[in-house]
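**Q** Dropping in my_file_39.pdb, with PDB, C-alpha atoms.
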MODEL        1
ATOM      1  CA  MET A   1     -13.715  50.069 -69.314
ATOM      2  CA  SER A   2     -14.828  46.907 -67.527
ATOM      3  CA  ASN A   3     -13.847  45.988 -63.994
ATOM      4  CA  SER A   4     -11.802  43.027 -65.251
ATOM      5  CA  GLU A   5      -9.839  45.332 -67.564
ATOM      6  CA  LYS A   6      -9.139  47.674 -64.659
ATOM      7  CA  VAL A   7      -7.872  44.770 -62.577
ATOM      8  CA  ASP A   8      -5.644  43.482 -65.372
ATOM      9  CA  ASN A   9      -4.212  46.950 -66.045
ATOM     10  CA  ARG A  10      -3.510  47.500 -62.369
ATOM     11  CA  VAL A  11      -1.493  44.318 -61.989
ATOM     12  CA  ARG A  12       0.121  44.211 -65.430
ATOM     13  CA  LEU A  13       3.611  42.758 -64.907
ATOM     14  CA  PRO A  14       6.305  41.143 -67.035
ATOM     15  CA  ARG A  15       5.469  37.496 -67.660
ATOM     16  CA  ASP A  16       8.137  36.089 -65.332
ATOM     17  CA  GLU A  17       7.096  38.383 -62.485
ATOM     18  CA  ARG A  18       3.425  37.527 -63.018
ATOM     19  CA  ARG A  19       4.252  33.823 -62.994
ATOM     20  CA  ALA A  20       6.228  34.193 -59.753
ATOM     21  CA  LEU A  21       3.286  36.059 -58.200
ATOM     22  CA  LEU A  22       0.879  33.306 -59.206
ATOM     23  CA  LEU A  23       3.168  30.592 -57.837
ATOM     24  CA  SER A  24       3.500  32.452 -54.549
ATOM     25  CA  ALA A  25      -0.278  32.729 -54.219
ATOM     26  CA  ALA A  26      -0.682  29.063 -55.149
ATOM     27  CA  LEU A  27       1.844  28.004 -52.512
ATOM     28  CA  GLU A  28      -0.146  29.780 -49.811
ATOM     29  CA  VAL A  29      -3.405  28.136 -50.874
ATOM     30  CA  PHE A  30      -2.044  24.621 -51.478
ATOM     31  CA  THR A  31      -0.152  24.478 -48.173
ATOM     32  CA  VAL A  32      -3.218  25.571 -46.210
ATOM     33  CA  SER A  33      -5.932  23.685 -48.094
ATOM     34  CA  GLY A  34      -4.144  20.798 -49.779
ATOM     35  CA  TYR A  35      -4.487  20.075 -53.473
ATOM     36  CA  HIS A  36      -8.025  18.761 -53.583
ATOM     37  CA  ALA A  37      -9.613  21.537 -51.532
ATOM     38  CA  ALA A  38      -7.648  24.329 -53.188
ATOM     39  CA  ALA A  39      -9.649  26.404 -55.683
ATOM     40  CA  MET A  40      -8.278  28.221 -58.716
ATOM     41  CA  ASP A  41     -10.691  31.084 -57.941
ATOM     42  CA  GLU A  42      -9.048  31.569 -54.546
ATOM     43  CA  ILE A  43      -5.554  31.446 -56.032
ATOM     44  CA  ALA A  44      -6.466  34.032 -58.672
ATOM     45  CA  GLU A  45      -8.054  36.278 -56.069
ATOM     46  CA  ARG A  46      -5.048  36.002 -53.761
ATOM     47  CA  ALA A  47      -2.733  36.869 -56.667
ATOM     48  CA  GLY A  48      -4.929  39.827 -57.661
ATOM     49  CA  VAL A  49      -5.667  38.581 -61.168
ATOM     50  CA  SER A  50      -8.687  37.309 -63.045
ATOM     51  CA  LYS A  51      -9.128  33.564 -63.391
ATOM     52  CA  PRO A  52      -8.634  33.722 -67.198
ATOM     53  CA  VAL A  53      -5.209  35.307 -66.588
ATOM     54  CA  LEU A  54      -4.330  32.468 -64.214
ATOM     55  CA  TYR A  55      -5.353  29.920 -66.836
ATOM     56  CA  GLN A  56      -3.228  31.683 -69.463
ATOM     57  CA  HIS A  57      -0.180  30.769 -67.398
ATOM     58  CA  PHE A  58      -1.343  27.412 -66.054
ATOM     59  CA  PRO A  59      -4.010  25.545 -68.060
ATOM     60  CA  SER A  60      -5.107  23.430 -65.089
ATOM     61  CA  LYS A  61      -4.768  23.159 -61.332
ATOM     62  CA  LEU A  62      -2.479  20.157 -61.808
ATOM     63  CA  ASP A  63      -0.206  22.151 -64.149
ATOM     64  CA  LEU A  64       0.034  24.852 -61.497
ATOM     65  CA  TYR A  65       0.796  22.324 -58.765
ATOM     66  CA  LEU A  66       3.485  20.621 -60.860
ATOM     67  CA  ALA A  67       5.118  23.946 -61.675
ATOM     68  CA  LEU A  68       5.193  24.772 -57.979
ATOM     69  CA  LEU A  69       6.785  21.407 -57.193
ATOM     70  CA  ASP A  70       9.436  21.958 -59.862
ATOM     71  CA  VAL A  71      10.436  25.328 -58.421
ATOM     72  CA  HIS A  72      10.874  24.068 -54.871
ATOM     73  CA  ILE A  73      12.391  20.722 -55.793
ATOM     74  CA  ASP A  74      15.015  22.559 -57.827
ATOM     75  CA  SER A  75      15.613  24.851 -54.849
ATOM     76  CA  LEU A  76      16.190  21.937 -52.481
ATOM     77  CA  VAL A  77      18.379  19.961 -54.886
ATOM     78  CA  PHE A  78      20.522  23.038 -55.534
ATOM     79  CA  ALA A  79      20.876  23.610 -51.778
ATOM     80  CA  ILE A  80      22.085  20.030 -51.254
ATOM     81  CA  GLN A  81      24.502  20.206 -54.189
ATOM     82  CA  LYS A  82      25.840  23.512 -52.874
ATOM     83  CA  ALA A  83      26.265  22.024 -49.388
ATOM     84  CA  ILE A  84      28.265  19.088 -50.750
ATOM     85  CA  ALA A  85      30.506  21.408 -52.776
ATOM     86  CA  SER A  86      31.006  23.877 -49.927
ATOM     87  CA  ASN A  87      33.802  22.020 -48.154
ATOM     88  CA  LYS A  88      36.442  19.371 -48.728
ATOM     89  CA  GLU A  89      36.201  17.978 -45.186
ATOM     90  CA  ASN A  90      33.602  15.208 -45.058
ATOM     91  CA  LYS A  91      32.330  15.997 -41.562
ATOM     92  CA  ASN A  92      31.700  19.575 -42.666
ATOM     93  CA  ARG A  93      29.956  18.267 -45.774
ATOM     94  CA  VAL A  94      27.632  16.202 -43.595
ATOM     95  CA  LYS A  95      26.956  19.220 -41.395
ATOM     96  CA  ALA A  96      26.266  21.446 -44.416
ATOM     97  CA  THR A  97      23.893  18.862 -45.905
ATOM     98  CA  VAL A  98      21.955  18.493 -42.649
ATOM     99  CA  ALA A  99      21.840  22.281 -42.293
ATOM    100  CA  ALA A 100      20.481  22.598 -45.840
ATOM    101  CA  TYR A 101      17.490  20.408 -44.963
ATOM    102  CA  PHE A 102      16.817  22.284 -41.730
ATOM    103  CA  GLU A 103      17.085  25.641 -43.512
ATOM    104  CA  PHE A 104      14.790  24.533 -46.326
ATOM    105  CA  ILE A 105      12.133  23.221 -43.976
ATOM    106  CA  ASP A 106      12.397  26.283 -41.741
ATOM    107  CA  ASP A 107      12.564  28.966 -44.429
ATOM    108  CA  GLU A 108      10.556  27.857 -47.466
ATOM    109  CA  GLY A 109       7.161  29.099 -46.314
ATOM    110  CA  GLY A 110       5.481  25.716 -46.167
ATOM    111  CA  ALA A 111       6.841  24.445 -49.487
ATOM    112  CA  PHE A 112       8.307  21.449 -47.682
ATOM    113  CA  ARG A 113       4.752  20.213 -47.094
ATOM    114  CA  LEU A 114       4.273  19.863 -50.856
ATOM    115  CA  LEU A 115       7.536  17.940 -51.144
ATOM    116  CA  PHE A 116       7.332  15.730 -48.055
ATOM    117  CA  GLU A 117       3.636  15.641 -47.085
ATOM    118  CA  SER A 118       1.836  15.969 -50.413
ATOM    119  CA  ASP A 119      -1.756  14.743 -50.599
ATOM    120  CA  MET A 120      -1.035  14.126 -54.297
ATOM    121  CA  SER A 121       1.876  11.716 -53.931
ATOM    122  CA  ALA A 122      -0.092   8.933 -55.650
ATOM    123  CA  GLU A 123      -0.552  11.048 -58.801
ATOM    124  CA  PRO A 124       2.003   9.681 -61.321
ATOM    125  CA  GLN A 125       3.338  13.080 -62.425
ATOM    126  CA  VAL A 126       3.743  14.191 -58.810
ATOM    127  CA  ARG A 127       5.332  10.871 -57.785
ATOM    128  CA  GLN A 128       7.789  11.180 -60.678
ATOM    129  CA  ARG A 129       8.934  14.587 -59.449
ATOM    130  CA  LEU A 130       9.218  13.525 -55.819
ATOM    131  CA  ASP A 131      11.262  10.497 -56.853
ATOM    132  CA  ARG A 132      13.508  12.774 -58.921
ATOM    133  CA  MET A 133      14.001  15.006 -55.901
ATOM    134  CA  THR A 134      15.140  12.086 -53.736
ATOM    135  CA  TYR A 135      17.332  10.671 -56.499
ATOM    136  CA  ASP A 136      19.051  13.957 -57.349
ATOM    137  CA  CYS A 137      19.777  14.751 -53.696
ATOM    138  CA  ALA A 138      21.095  11.225 -53.109
ATOM    139  CA  VAL A 139      23.289  11.353 -56.206
ATOM    140  CA  ALA A 140      25.045  14.463 -54.890
ATOM    141  CA  VAL A 141      25.818  12.671 -51.616
ATOM    142  CA  SER A 142      26.593   9.248 -53.078
ATOM    143  CA  ALA A 143      29.184  10.660 -55.486
ATOM    144  CA  VAL A 144      31.329  11.715 -52.523
ATOM    145  CA  ILE A 145      30.766   8.416 -50.700
ATOM    146  CA  SER A 146      31.754   6.418 -53.763
ATOM    147  CA  LEU A 147      34.848   8.525 -54.406
ATOM    148  CA  ASP A 148      36.066   8.295 -50.812
ATOM    149  CA  THR A 149      35.239   4.663 -50.039
ATOM    150  CA  GLY A 150      35.478   3.025 -53.443
ATOM    151  CA  PHE A 151      32.013   1.532 -52.947
ATOM    152  CA  PRO A 152      30.066   0.755 -56.123
ATOM    153  CA  LYS A 153      27.200   3.005 -57.159
ATOM    154  CA  GLU A 154      24.336   1.040 -55.612
ATOM    155  CA  GLU A 155      26.015   0.667 -52.218
ATOM    156  CA  SER A 156      26.884   4.364 -52.188
ATOM    157  CA  MET A 157      23.289   5.252 -53.074
ATOM    158  CA  VAL A 158      21.919   3.154 -50.189
ATOM    159  CA  LEU A 159      24.140   5.045 -47.747
ATOM    160  CA  ALA A 160      23.226   8.378 -49.348
ATOM    161  CA  ILE A 161      19.492   7.643 -49.096
ATOM    162  CA  GLY A 162      19.999   6.805 -45.428
ATOM    163  CA  LEU A 163      21.808  10.094 -44.795
ATOM    164  CA  ILE A 164      19.330  12.368 -46.546
ATOM    165  CA  GLY A 165      16.338  10.449 -45.185
ATOM    166  CA  CYS A 166      17.559  10.955 -41.632
ATOM    167  CA  ALA A 167      18.248  14.655 -42.248
ATOM    168  CA  GLN A 168      14.815  15.178 -43.786
ATOM    169  CA  ILE A 169      12.801  13.355 -41.141
ATOM    170  CA  THR A 170      14.624  14.883 -38.181
ATOM    171  CA  ALA A 171      14.265  18.377 -39.654
ATOM    172  CA  ARG A 172      10.510  17.861 -40.039
ATOM    173  CA  HIS A 173      10.271  16.542 -36.481
ATOM    174  CA  TRP A 174      12.201  19.561 -35.208
ATOM    175  CA  LEU A 175       9.832  21.975 -36.943
ATOM    176  CA  GLU A 176       6.722  20.177 -35.692
ATOM    177  CA  LYS A 177       8.008  20.607 -32.136
ATOM    178  CA  ASP A 178       8.026  24.399 -32.677
ATOM    179  CA  GLY A 179      11.784  24.660 -32.451
ATOM    180  CA  LYS A 180      12.036  23.708 -28.775
ATOM    181  CA  ILE A 181      15.693  23.053 -29.597
ATOM    182  CA  ASN A 182      17.291  25.866 -31.572
ATOM    183  CA  ARG A 183      18.153  25.065 -35.182
ATOM    184  CA  SER A 184      21.914  25.157 -34.672
ATOM    185  CA  GLU A 185      21.767  22.691 -31.782
ATOM    186  CA  ALA A 186      19.417  20.372 -33.673
ATOM    187  CA  THR A 187      21.679  20.466 -36.720
ATOM    188  CA  SER A 188      24.708  19.583 -34.588
ATOM    189  CA  LEU A 189      22.908  16.655 -32.953
ATOM    190  CA  VAL A 190      21.907  15.140 -36.295
ATOM    191  CA  THR A 191      25.333  15.842 -37.800
ATOM    192  CA  ASN A 192      27.052  13.992 -34.955
ATOM    193  CA  LEU A 193      24.688  11.051 -35.322
ATOM    194  CA  LEU A 194      25.283  10.733 -39.055
ATOM    195  CA  TRP A 195      29.006  11.408 -38.909
ATOM    196  CA  ARG A 196      29.566   8.686 -36.294
ATOM    197  CA  GLY A 197      27.901   6.295 -38.701
ATOM    198  CA  ILE A 198      29.372   7.266 -42.059
ATOM    199  CA  SER A 199      32.884   7.897 -40.728
ATOM    200  CA  GLY A 200      33.073   4.242 -39.731
ATOM    201  CA  PHE A 201      33.471   3.238 -43.353
ATOM    202  CA  PRO A 202      37.173   3.136 -44.310
ATOM    203  CA  LEU A 203      38.479   5.528 -46.924
ATOM    204  CA  GLN A 204      40.145   3.961 -49.911
ATOM    205  CA  SER A 205      43.867   4.552 -50.047
TER     206      SER A 205
ENDMDL
END
With the file now loaded, output its structure as structure tokens.

**A**
Amino acid sequence: MSNSEKVDNRVRLPRDERRALLLSAALEVFTVSGYHAAAMDEIAERAGVSKPVLYQHFPSKLDLYLALLDVHIDSLVFAIQKAIASNKENKNRVKATVAAYFEFIDDEGGAFRLLFESDMSAEPQVRQRLDRMTYDCAVAVSAVISLDTGFPKEESMVLAIGLIGCAQITARHWLEKDGKINRSEATSLVTNLLWRGISGFPLQS
């Protein structure tokens, strides 16, 4: 039996579990090295598989990167949608949305760097996904704004982009400062800022 066969037998997993393992290893390498410096050999080694096994799941480095983006974009969009649906009081919705960004950036093991600091943002397939992420998050917020204020879609989307953009940028700033303010306090500060702005728009009767 060859060494490669021994390795493959030792790590034989169901396809979904193997794929999750590969994505986890890829996340570690991409967040440390960036896309261009990341090597498929290193990802395979970190995952404990042979490179041919890695290529069976992901035919190219770009395919692997895109799959990783899809997983974490879906995670963020779901978190924002869940935050919006979690409460009927708009101030609490704003707080939950801000908290979702802070939690994602704090807890996702560096995945936020792929979404918000990608060195591949000029690649059309990557740009398409990042644009989808922003659009889907904004749609969840703008639907509530439109329903409550009666604003048309485009005006509601502008306000929604402003809200999620502020939440995203302040959460990244907070993390870069090594959490000198605790997460709860930072979330409250940003919530109060956004709520004082958005609550100024009259509700439709």

**Q** Hey, what's within 10 Å of Gly197 (chain A) if we count only C-alpha atoms and toss same-chain stuff fewer than 6 positions away? As a PyMOL selection string, please?

**A** chain A and resi 159+163+191

**Q** Which one of A:Asp41, A:Ile105, A:Ser86, A:Leu66 sits closest to Ser121 (chain A) if you count only C-alpha atoms?

**A** A:Leu66

**Q** Could you state the separation of CA of Thr187 (chain A) and CA of Lys95 (chain A) in Å, given to one decimal place?

**A**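 Those two atoms sit 7.2 Å apart.
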
**Q** Measuring between all atoms listed in the file, which one of A:Val190, A:Leu68, A:Ala100, A:Cys137 shows the shortest distance to Ala20 (chain A)?

**A**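 For Ala20 (chain A), the nearest of the candidates is A:Leu68.
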
**Q** Counting all atoms listed in the file, which residues of region 43-116 of chain A fall within 9 Å of region 170-185 of chain A, and what is the closest atom pair for each with its distance in Å at one decimal, ordered by chain and rising number, as JSON lines?

**A**
{"residue": "A:Val98", "atom": "CA", "partner": "A:Ala171", "partner_atom": "CA", "distance": 8.3}
{"residue": "A:Ala99", "atom": "CA", "partner": "A:Ser184", "partner_atom": "CA", "distance": 8.1}
{"residue": "A:Tyr101", "atom": "CA", "partner": "A:Ala171", "partner_atom": "CA", "distance": 6.5}
{"residue": "A:Phe102", "atom": "CA", "partner": "A:Ala171", "partner_atom": "CA", "distance": 5.1}
{"residue": "A:Glu103", "atom": "CA", "partner": "A:Arg183", "partner_atom": "CA", "distance": 8.4}
{"residue": "A:Ile105", "atom": "CA", "partner": "A:Ala171", "partner_atom": "CA", "distance": 6.8}
{"residue": "A:Asp106", "atom": "CA", "partner": "A:Leu175", "partner_atom": "CA", "distance": 6.9}
{"residue": "A:Phe112", "atom": "CA", "partner": "A:Arg172", "partner_atom": "CA", "distance": 8.7}
{"residue": "A:Phe116", "atom": "CA", "partner": "A:Arg172", "partner_atom": "CA", "distance": 8.9}

**Q** Please write as a short mmCIF file (atom, residue, chain, number, x, y, z; two decimals) with C-alpha atoms, in the coordinates of the input the full residue list that the PyMOL selection byres ((chain A and resi 36) around 12) yields on this file.

**A**
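Here's the written file part.cif:
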data_model
loop_
_atom_site.label_atom_id
_atom_site.label_comp_id
_atom_site.auth_asym_id
_atom_site.auth_seq_id
_atom_site.Cartn_x
_atom_site.Cartn_y
_atom_site.Cartn_z
CA VAL A 29 -3.40 28.14 -50.87
CA PHE A 30 -2.04 24.62 -51.48
CA THR A 31 -0.15 24.48 -48.17
CA VAL A 32 -3.22 25.57 -46.21
CA SER A 33 -5.93 23.68 -48.09
CA GLY A 34 -4.14 20.80 -49.78
CA TYR A 35 -4.49 20.08 -53.47
CA ALA A 37 -9.61 21.54 -51.53
CA ALA A 38 -7.65 24.33 -53.19
CA ALA A 39 -9.65 26.40 -55.68
CA MET A 40 -8.28 28.22 -58.72
CA LYS A 61 -4.77 23.16 -61.33
CA LEU A 62 -2.48 20.16 -61.81
CA TYR A 65 0.80 22.32 -58.76
CA SER A 118 1.84 15.97 -50.41
CA ASP A 119 -1.76 14.74 -50.60
CA MET A 120 -1.03 14.13 -54.30
CA GLU A 123 -0.55 11.05 -58.80
#

**Q** Applied to the shown file, which residues does the PyMOL selection byres ((chain A and resi 140) around 10) return, written as a list in words?

**A**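 Selection result, ordered by chain and number: Val77, Phe78, Ile80, Gln81, Lys82, Ala83, Ile84, Ala85, Tyr135, Asp136, Cys137, Ala138, Val139, Val141, Ser142, Ala143, Val144, Ile145, Met157 and Ala160 of chain A.
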
**Q** Could you expand the PyMOL selection byres ((chain A and resi 18) around 12) into the explicit residues it covers here, written as an NGL selection string?

**A** :A and (8 or 11-17 or 19-25 or 44 or 47-49 or 53-54 or 56-58)

**Q** Skip Lys91 (chain A) itself and residues of its chain fewer than 5 positions away, then list as a list in words all residues within 10 Å of it, counting all atoms listed in the file.

**A** Ala96, Thr97, Thr191, Asn192, Leu194, Trp195, Arg196, Ile198 and Ser199 of chain A

**Q** Find the smallest box with edges along x, y and z containing every listed atom of region 81-95 of chain A, then add 5 Å on each side and report centre and edge lengths in Å to one decimal, as AutoDock Vina command-line options.

**A**
--center_x 30.5 --center_y 19.5 --center_z -47.8 --size_x 21.9 --size_y 18.7 --size_z 22.8

**Q** Write region 145-174 of chain A as a PDB file, in the coordinates of the input, completed to N, CA and C atoms.

**A**
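Output file selection.pdb is given in full below:
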ATOM      1  N   ILE A 145      30.579   9.697 -51.396  1.00  0.00           N
ATOM      2  CA  ILE A 145      30.766   8.416 -50.700  1.00  0.00           C
ATOM      3  C   ILE A 145      31.525   7.436 -51.592  1.00  0.00           C
ATOM      4  N   SER A 146      31.120   7.346 -52.831  1.00  0.00           N
ATOM      5  CA  SER A 146      31.754   6.418 -53.763  1.00  0.00           C
ATOM      6  C   SER A 146      33.215   6.780 -53.994  1.00  0.00           C
ATOM      7  N   LEU A 147      33.483   8.069 -54.152  1.00  0.00           N
ATOM      8  CA  LEU A 147      34.848   8.525 -54.406  1.00  0.00           C
ATOM      9  C   LEU A 147      35.756   8.234 -53.213  1.00  0.00           C
ATOM     10  N   ASP A 148      35.234   8.445 -52.008  1.00  0.00           N
ATOM     11  CA  ASP A 148      36.066   8.295 -50.812  1.00  0.00           C
ATOM     12  C   ASP A 148      36.233   6.843 -50.373  1.00  0.00           C
ATOM     13  N   THR A 149      35.194   6.035 -50.551  1.00  0.00           N
ATOM     14  CA  THR A 149      35.239   4.663 -50.039  1.00  0.00           C
ATOM     15  C   THR A 149      35.554   3.625 -51.116  1.00  0.00           C
ATOM     16  N   GLY A 150      35.316   3.995 -52.371  1.00  0.00           N
ATOM     17  CA  GLY A 150      35.478   3.025 -53.443  1.00  0.00           C
ATOM     18  C   GLY A 150      34.295   2.091 -53.581  1.00  0.00           C
ATOM     19  N   PHE A 151      33.204   2.367 -52.838  1.00  0.00           N
ATOM     20  CA  PHE A 151      32.013   1.532 -52.947  1.00  0.00           C
ATOM     21  C   PHE A 151      31.391   1.691 -54.341  1.00  0.00           C
ATOM     22  N   PRO A 152      30.782   0.628 -54.856  1.00  0.00           N
ATOM     23  CA  PRO A 152      30.066   0.755 -56.123  1.00  0.00           C
ATOM     24  C   PRO A 152      28.839   1.663 -55.980  1.00  0.00           C
ATOM     25  N   LYS A 153      28.275   2.017 -57.118  1.00  0.00           N
ATOM     26  CA  LYS A 153      27.200   3.005 -57.159  1.00  0.00           C
ATOM     27  C   LYS A 153      26.028   2.639 -56.261  1.00  0.00           C
ATOM     28  N   GLU A 154      25.546   1.404 -56.355  1.00  0.00           N
ATOM     29  CA  GLU A 154      24.336   1.040 -55.612  1.00  0.00           C
ATOM     30  C   GLU A 154      24.570   1.076 -54.106  1.00  0.00           C
ATOM     31  N   GLU A 155      25.731   0.619 -53.645  1.00  0.00           N
ATOM     32  CA  GLU A 155      26.015   0.667 -52.218  1.00  0.00           C
ATOM     33  C   GLU A 155      26.129   2.116 -51.738  1.00  0.00           C
ATOM     34  N   SER A 156      26.754   2.944 -52.538  1.00  0.00           N
ATOM     35  CA  SER A 156      26.884   4.364 -52.188  1.00  0.00           C
ATOM     36  C   SER A 156      25.525   5.046 -52.145  1.00  0.00           C
ATOM     37  N   MET A 157      24.626   4.657 -53.053  1.00  0.00           N
ATOM     38  CA  MET A 157      23.289   5.252 -53.074  1.00  0.00           C
ATOM     39  C   MET A 157      22.486   4.842 -51.846  1.00  0.00           C
ATOM     40  N   VAL A 158      22.631   3.594 -51.394  1.00  0.00           N
ATOM     41  CA  VAL A 158      21.919   3.154 -50.189  1.00  0.00           C
ATOM     42  C   VAL A 158      22.339   3.999 -48.998  1.00  0.00           C
ATOM     43  N   LEU A 159      23.645   4.220 -48.852  1.00  0.00           N
ATOM     44  CA  LEU A 159      24.140   5.045 -47.747  1.00  0.00           C
ATOM     45  C   LEU A 159      23.653   6.487 -47.891  1.00  0.00           C
ATOM     46  N   ALA A 160      23.664   7.000 -49.112  1.00  0.00           N
ATOM     47  CA  ALA A 160      23.226   8.378 -49.348  1.00  0.00           C
ATOM     48  C   ALA A 160      21.746   8.546 -49.024  1.00  0.00           C
ATOM     49  N   ILE A 161      20.924   7.586 -49.421  1.00  0.00           N
ATOM     50  CA  ILE A 161      19.492   7.643 -49.096  1.00  0.00           C
ATOM     51  C   ILE A 161      19.295   7.640 -47.587  1.00  0.00           C
ATOM     52  N   GLY A 162      20.095   6.832 -46.879  1.00  0.00           N
ATOM     53  CA  GLY A 162      19.999   6.805 -45.428  1.00  0.00           C
ATOM     54  C   GLY A 162      20.346   8.146 -44.810  1.00  0.00           C
ATOM     55  N   LEU A 163      21.385   8.795 -45.322  1.00  0.00           N
ATOM     56  CA  LEU A 163      21.808  10.094 -44.795  1.00  0.00           C
ATOM     57  C   LEU A 163      20.751  11.167 -45.021  1.00  0.00           C
ATOM     58  N   ILE A 164      20.277  11.285 -46.266  1.00  0.00           N
ATOM     59  CA  ILE A 164      19.330  12.368 -46.546  1.00  0.00           C
ATOM     60  C   ILE A 164      17.966  12.082 -45.930  1.00  0.00           C
ATOM     61  N   GLY A 165      17.606  10.789 -45.827  1.00  0.00           N
ATOM     62  CA  GLY A 165      16.338  10.449 -45.185  1.00  0.00           C
ATOM     63  C   GLY A 165      16.336  10.839 -43.721  1.00  0.00           C
ATOM     64  N   CYS A 166      17.446  10.581 -43.040  1.00  0.00           N
ATOM     65  CA  CYS A 166      17.559  10.955 -41.632  1.00  0.00           C
ATOM     66  C   CYS A 166      17.500  12.473 -41.481  1.00  0.00           C
ATOM     67  N   ALA A 167      18.237  13.187 -42.318  1.00  0.00           N
ATOM     68  CA  ALA A 167      18.248  14.655 -42.248  1.00  0.00           C
ATOM     69  C   ALA A 167      16.855  15.223 -42.479  1.00  0.00           C
ATOM     70  N   GLN A 168      16.156  14.681 -43.453  1.00  0.00           N
ATOM     71  CA  GLN A 168      14.815  15.178 -43.786  1.00  0.00           C
ATOM     72  C   GLN A 168      13.822  14.925 -42.662  1.00  0.00           C
ATOM     73  N   ILE A 169      13.794  13.717 -42.162  1.00  0.00           N
ATOM     74  CA  ILE A 169      12.801  13.355 -41.141  1.00  0.00           C
ATOM     75  C   ILE A 169      13.065  14.085 -39.826  1.00  0.00           C
ATOM     76  N   THR A 170      14.327  14.189 -39.438  1.00  0.00           N
ATOM     77  CA  THR A 170      14.624  14.883 -38.181  1.00  0.00           C
ATOM     78  C   THR A 170      14.336  16.375 -38.299  1.00  0.00           C
ATOM     79  N   ALA A 171      14.574  16.950 -39.465  1.00  0.00           N
ATOM     80  CA  ALA A 171      14.265  18.377 -39.654  1.00  0.00           C
ATOM     81  C   ALA A 171      12.763  18.614 -39.554  1.00  0.00           C
ATOM     82  N   ARG A 172      11.968  17.725 -40.133  1.00  0.00           N
ATOM     83  CA  ARG A 172      10.510  17.861 -40.039  1.00  0.00           C
ATOM     84  C   ARG A 172      10.053  17.702 -38.594  1.00  0.00           C
ATOM     85  N   HIS A 173      10.626  16.736 -37.895  1.00  0.00           N
ATOM     86  CA  HIS A 173      10.271  16.542 -36.481  1.00  0.00           C
ATOM     87  C   HIS A 173      10.609  17.794 -35.676  1.00  0.00           C
ATOM     88  N   TRP A 174      11.777  18.356 -35.924  1.00  0.00           N
ATOM     89  CA  TRP A 174      12.201  19.561 -35.208  1.00  0.00           C
ATOM     90  C   TRP A 174      11.211  20.699 -35.422  1.00  0.00           C
TER      91      TRP A 174
END
